[in-house]
>>> print(open('final_9.cif').read())   # mmCIF, C-alpha atoms
data_start
#
loop_
_atom_site.label_atom_id
_atom_site.label_comp_id
_atom_site.auth_asym_id
_atom_site.auth_seq_id
_atom_site.Cartn_x
_atom_site.Cartn_y
_atom_site.Cartn_z
CA MET A 141 -15.79 253.63 58.00
CA ALA A 142 -18.39 250.89 57.69
CA LEU A 143 -21.78 251.16 59.32
CA ALA A 144 -23.24 248.26 61.31
CA LEU A 145 -26.22 246.64 59.68
CA SER A 146 -29.35 246.60 61.79
CA LEU A 147 -31.18 243.30 61.74
CA THR A 148 -34.91 243.20 62.11
CA THR A 149 -36.20 241.31 65.12
CA ASP A 150 -39.51 239.58 65.60
CA ASP A 151 -41.56 239.54 68.81
CA LEU A 152 -39.48 236.73 70.35
CA GLY A 153 -36.32 238.81 70.36
CA MET A 154 -34.37 236.55 67.99
CA THR A 155 -33.36 237.99 64.68
CA SER A 156 -34.97 236.45 61.64
CA THR A 157 -31.58 235.99 60.02
CA ALA A 158 -30.13 234.20 63.07
CA ALA A 159 -33.11 231.84 63.24
CA PHE A 160 -32.76 231.08 59.53
CA LEU A 161 -29.02 230.39 59.93
CA LEU A 162 -29.62 228.03 62.87
CA LEU A 163 -32.13 226.04 60.84
CA GLN A 164 -29.79 225.81 57.84
CA ALA A 165 -26.62 224.95 59.82
CA SER A 166 -26.51 221.20 59.07
CA GLY A 167 -23.77 221.42 56.45
CA GLY A 168 -20.71 221.41 58.75
CA ALA A 169 -21.67 218.46 61.00
CA PRO A 170 -20.26 214.99 60.25
CA GLY A 171 -22.83 212.54 58.91
CA GLY A 172 -25.15 215.35 57.90
CA GLN A 173 -26.69 215.72 61.39
CA SER A 174 -27.88 219.08 62.55
CA PRO A 175 -26.12 220.70 65.52
CA LEU A 176 -29.57 221.13 67.06
CA PHE A 177 -30.06 217.37 66.87
CA GLN A 178 -26.71 216.80 68.59
CA LEU A 179 -27.63 219.35 71.25
CA GLY A 180 -30.94 217.57 71.80
CA ILE A 181 -29.13 214.26 72.28
CA GLN A 182 -26.78 215.86 74.82
CA PHE A 183 -29.70 217.31 76.78
CA ALA A 184 -31.43 213.91 76.74
CA LEU A 185 -28.29 212.23 78.06
CA ILE A 186 -27.92 214.81 80.83
CA LEU A 187 -31.56 214.33 81.85
CA ALA A 188 -31.11 210.54 81.85
CA ILE A 189 -28.03 210.84 84.06
CA PHE A 190 -29.90 213.11 86.50
CA TYR A 191 -32.81 210.67 86.59
CA PHE A 192 -30.72 207.58 87.29
CA LEU A 193 -28.27 209.23 89.71
CA MET A 194 -30.58 211.55 91.66
CA ILE A 195 -34.31 211.17 91.13
CA ARG A 196 -34.71 207.39 91.00
CA PRO A 197 -32.63 206.63 94.15
CA GLN A 198 -34.53 209.32 96.05
CA GLN A 199 -37.87 207.80 95.02
CA LYS A 200 -36.65 204.35 96.11
CA GLN A 201 -35.49 205.71 99.48
CA ARG A 202 -38.86 207.48 100.01
CA LYS A 203 -40.77 204.27 99.25
CA GLN A 204 -38.61 202.32 101.74
CA HIS A 205 -39.20 204.98 104.40
CA GLU A 206 -42.97 204.95 103.82
CA GLU A 207 -43.00 201.14 103.99
CA ALA A 208 -41.08 201.25 107.29
CA LEU A 209 -43.62 203.76 108.63
CA ARG A 210 -46.53 201.54 107.55
CA ASN A 211 -44.94 198.62 109.46
CA LEU A 212 -44.56 200.69 112.64
CA LYS A 213 -45.58 198.76 115.77
CA LYS A 214 -46.12 199.40 119.45
CA GLY A 215 -42.77 199.50 121.24
CA ASP A 216 -40.74 200.86 118.32
CA GLU A 217 -38.31 203.64 119.19
CA ILE A 218 -38.63 206.57 116.78
CA VAL A 219 -37.37 210.09 116.09
CA THR A 220 -39.83 212.71 114.88
CA ALA A 221 -39.07 215.38 112.27
CA GLY A 222 -38.71 217.84 115.16
CA GLY A 223 -36.03 215.73 116.82
CA ILE A 224 -38.14 214.25 119.63
CA VAL A 225 -37.08 210.71 120.54
CA GLY A 226 -39.82 208.47 121.88
CA THR A 227 -41.36 205.02 122.06
CA VAL A 228 -44.60 204.16 120.26
CA LEU A 229 -47.42 203.51 122.73
CA HIS A 230 -50.51 203.49 120.52
CA ILE A 231 -51.35 203.75 116.82
CA ARG A 232 -54.76 205.08 115.75
CA GLU A 233 -55.26 204.07 112.13
CA GLY A 234 -57.81 205.71 109.89
CA VAL A 235 -60.87 203.74 108.78
CA LYS A 236 -62.03 203.76 105.17
CA ASP A 237 -64.87 201.59 103.87
CA GLY A 238 -65.01 199.67 107.15
CA THR A 239 -61.35 198.56 107.07
CA SER A 240 -58.40 200.19 108.76
CA GLN A 241 -56.02 201.93 106.36
CA LYS A 242 -52.41 202.73 107.21
CA ALA A 243 -52.02 206.31 106.00
CA MET A 244 -49.40 208.97 106.61
CA ASP A 245 -51.88 211.07 108.63
CA ASP A 246 -52.60 208.37 111.24
CA GLN A 247 -52.14 209.48 114.84
CA ILE A 248 -49.28 207.86 116.74
CA THR A 249 -49.01 208.28 120.51
CA ILE A 250 -45.41 208.24 121.73
CA LYS A 251 -43.80 208.47 125.15
CA SER A 252 -40.76 210.70 125.49
CA ALA A 253 -39.29 210.86 129.00
CA GLU A 254 -42.35 211.56 131.19
CA SER A 255 -44.50 213.07 128.43
CA ARG A 256 -46.94 211.55 125.99
CA LEU A 257 -47.22 213.13 122.58
CA VAL A 258 -49.44 212.54 119.58
CA VAL A 259 -47.73 212.85 116.20
CA GLU A 260 -48.74 212.01 112.65
CA ARG A 261 -47.21 208.91 111.09
CA GLY A 262 -45.79 210.99 108.23
CA ARG A 263 -43.88 213.25 110.66
CA ILE A 264 -41.67 210.42 111.89
CA ALA A 265 -38.18 210.96 110.50
CA ARG A 266 -36.69 207.55 111.31
CA ILE A 267 -37.12 204.39 113.32
CA ILE A 268 -34.24 203.78 115.73
CA THR A 269 -35.16 200.25 116.83
CA SER A 270 -38.18 198.16 116.04
CA ALA A 271 -40.08 196.15 118.63
CA THR A 272 -39.47 192.88 116.75
CA GLY A 273 -35.73 193.58 116.64
CA GLN A 274 -35.69 194.27 120.39
CA GLN A 275 -37.56 191.02 121.11
CA ALA A 276 -35.20 188.99 118.94
CA ALA A 277 -32.15 190.58 120.60
CA ALA A 278 -33.60 189.94 124.07
CA ALA A 279 -34.37 186.31 123.22
CA SER A 280 -30.86 185.67 121.88
CA SER A 281 -29.19 187.32 124.89
CA THR A 282 -31.22 185.30 127.42
CA THR A 283 -30.54 181.95 125.69
CA ALA A 284 -26.78 182.56 125.49
CA PRO A 285 -24.81 180.80 128.31
#
>>> encode(input="final_9.cif", output="structure tokens")
Amino acid sequence: MALALSLTTDDLGMTSTAAFLLLQASGGAPGGQSPLFQLGIQFALILAIFYFLMIRPQQKQRKQHEEALRNLKKGDEIVTAGGIVGTVLHIREGVKDGTSQKAMDDQITIKSAESRLVVERGRIARIITSATGQQAAAASSTTAP
């Protein structure tokens, strides 16, 4: 009966022999490329796919949402992150260096039913209708015969 050989391990837990064999394993790959190089290419491709299919579209959507929030006007109908539907009554923008800055922590006063609430601009989940869209729709409906 044969006895199993014990391999010495270093502090990282990988055997010295296994690490040496991984580094020397370029002989069987076509074109002389190391399997580690091919594995690195595969990981890079997977990361690129994740970036272009998940991360980049999400960043684009977030920028569009922030731009819509910066263009918020009095009369817009909105939904907050908590699900409260209301109409914008007043926007208190922050002042920096003597000019008003549209930031995500600006206070927005909304009217929901008979209540008035103050919410931060960044806590608005979506804009249902904008005031300019309502005015354009009202103008087109009154001019139609």
>>> atom_distance(input="final_9.cif", atom1="CA of Ala253 (chain A)", atom2="CA of Ile224 (chain A)")
10.0 Å
>>> atom_distance(input="final_9.cif", atom1="CA of Ala243 (chain A)", atom2="CA of Glu217 (chain A)")
19.2 Å
>>> atom_distance(input="final_9.cif", atom1="CA of Leu187 (chain A)", atom2="CA of Glu207 (chain A)")
28.2 Å
>>> resolve_selection(input="final_9.cif", expression="the PyMOL selection byres ((chain A and resi 252) around 9)", output="list in words")
Ile224, Val225, Gly226, Thr227, Ile250, Lys251, Ala253, Glu254, Ser255, Arg256 and Leu257 of chain A
>>> closest_residue(input="final_9.cif", among="A:Gln199, A:Thr249, A:Thr220, A:Ser240", to="Gly262 (chain A)", atoms="all atoms listed in the file")
A:Thr220
>>> resolve_selection(input="final_9.cif", expression="the PyMOL selection byres ((chain A and resi 232) around 7)", output="VMD selection string")
chain A and resid 230 to 231 233 to 234 246 to 248
>>> closest_residue(input="final_9.cif", among="A:Leu209, A:Asp237, A:Pro197, A:Gly222", to="Ile267 (chain A)", atoms="all atoms listed in the file")
A:Leu209
>>> decode(input="final_9.cif", residues="region 232-248 of chain A", atoms="N, CA and C atoms", output="short mmCIF file (atom, residue, chain, number, x, y, z; two decimals), in the first residue's frame")
data_model
loop_
_atom_site.label_atom_id
_atom_site.label_comp_id
_atom_site.auth_asym_id
_atom_site.auth_seq_id
_atom_site.Cartn_x
_atom_site.Cartn_y
_atom_site.Cartn_z
N ARG A 232 -37.29 75.93 -2.29
CA ARG A 232 -36.30 76.75 -1.60
C ARG A 232 -34.92 76.21 -1.95
N GLU A 233 -34.23 76.93 -2.83
CA GLU A 233 -32.91 76.49 -3.29
C GLU A 233 -31.85 77.01 -2.34
N GLY A 234 -30.78 76.23 -2.21
CA GLY A 234 -29.66 76.63 -1.38
C GLY A 234 -28.86 77.73 -2.05
N VAL A 235 -28.21 78.57 -1.25
CA VAL A 235 -27.40 79.67 -1.77
C VAL A 235 -25.94 79.41 -1.44
N LYS A 236 -25.10 79.48 -2.48
CA LYS A 236 -23.66 79.28 -2.29
C LYS A 236 -22.95 80.37 -3.08
N ASP A 237 -22.09 81.10 -2.40
CA ASP A 237 -21.34 82.20 -3.01
C ASP A 237 -22.26 83.26 -3.62
N GLY A 238 -23.39 83.51 -3.01
CA GLY A 238 -24.30 84.55 -3.47
C GLY A 238 -25.21 84.15 -4.62
N THR A 239 -25.07 82.94 -5.16
CA THR A 239 -25.95 82.49 -6.23
C THR A 239 -26.71 81.25 -5.77
N SER A 240 -27.91 81.09 -6.28
CA SER A 240 -28.71 79.93 -5.88
C SER A 240 -28.20 78.70 -6.61
N GLN A 241 -28.05 77.61 -5.88
CA GLN A 241 -27.56 76.35 -6.42
C GLN A 241 -28.67 75.31 -6.29
N LYS A 242 -28.93 74.60 -7.37
CA LYS A 242 -29.91 73.52 -7.33
C LYS A 242 -29.21 72.26 -6.86
N ALA A 243 -29.45 71.88 -5.61
CA ALA A 243 -28.81 70.71 -5.02
C ALA A 243 -29.89 69.71 -4.63
N MET A 244 -29.45 68.48 -4.34
CA MET A 244 -30.40 67.43 -4.00
C MET A 244 -30.96 67.58 -2.59
N ASP A 245 -30.41 68.51 -1.77
CA ASP A 245 -30.94 68.70 -0.43
C ASP A 245 -31.79 69.96 -0.32
N ASP A 246 -32.19 70.55 -1.46
CA ASP A 246 -33.09 71.70 -1.44
C ASP A 246 -34.45 71.28 -0.88
N GLN A 247 -35.12 72.23 -0.22
CA GLN A 247 -36.43 71.93 0.35
C GLN A 247 -37.53 72.27 -0.65
N ILE A 248 -38.40 71.28 -0.89
CA ILE A 248 -39.52 71.43 -1.81
C ILE A 248 -40.80 71.32 -0.99
#
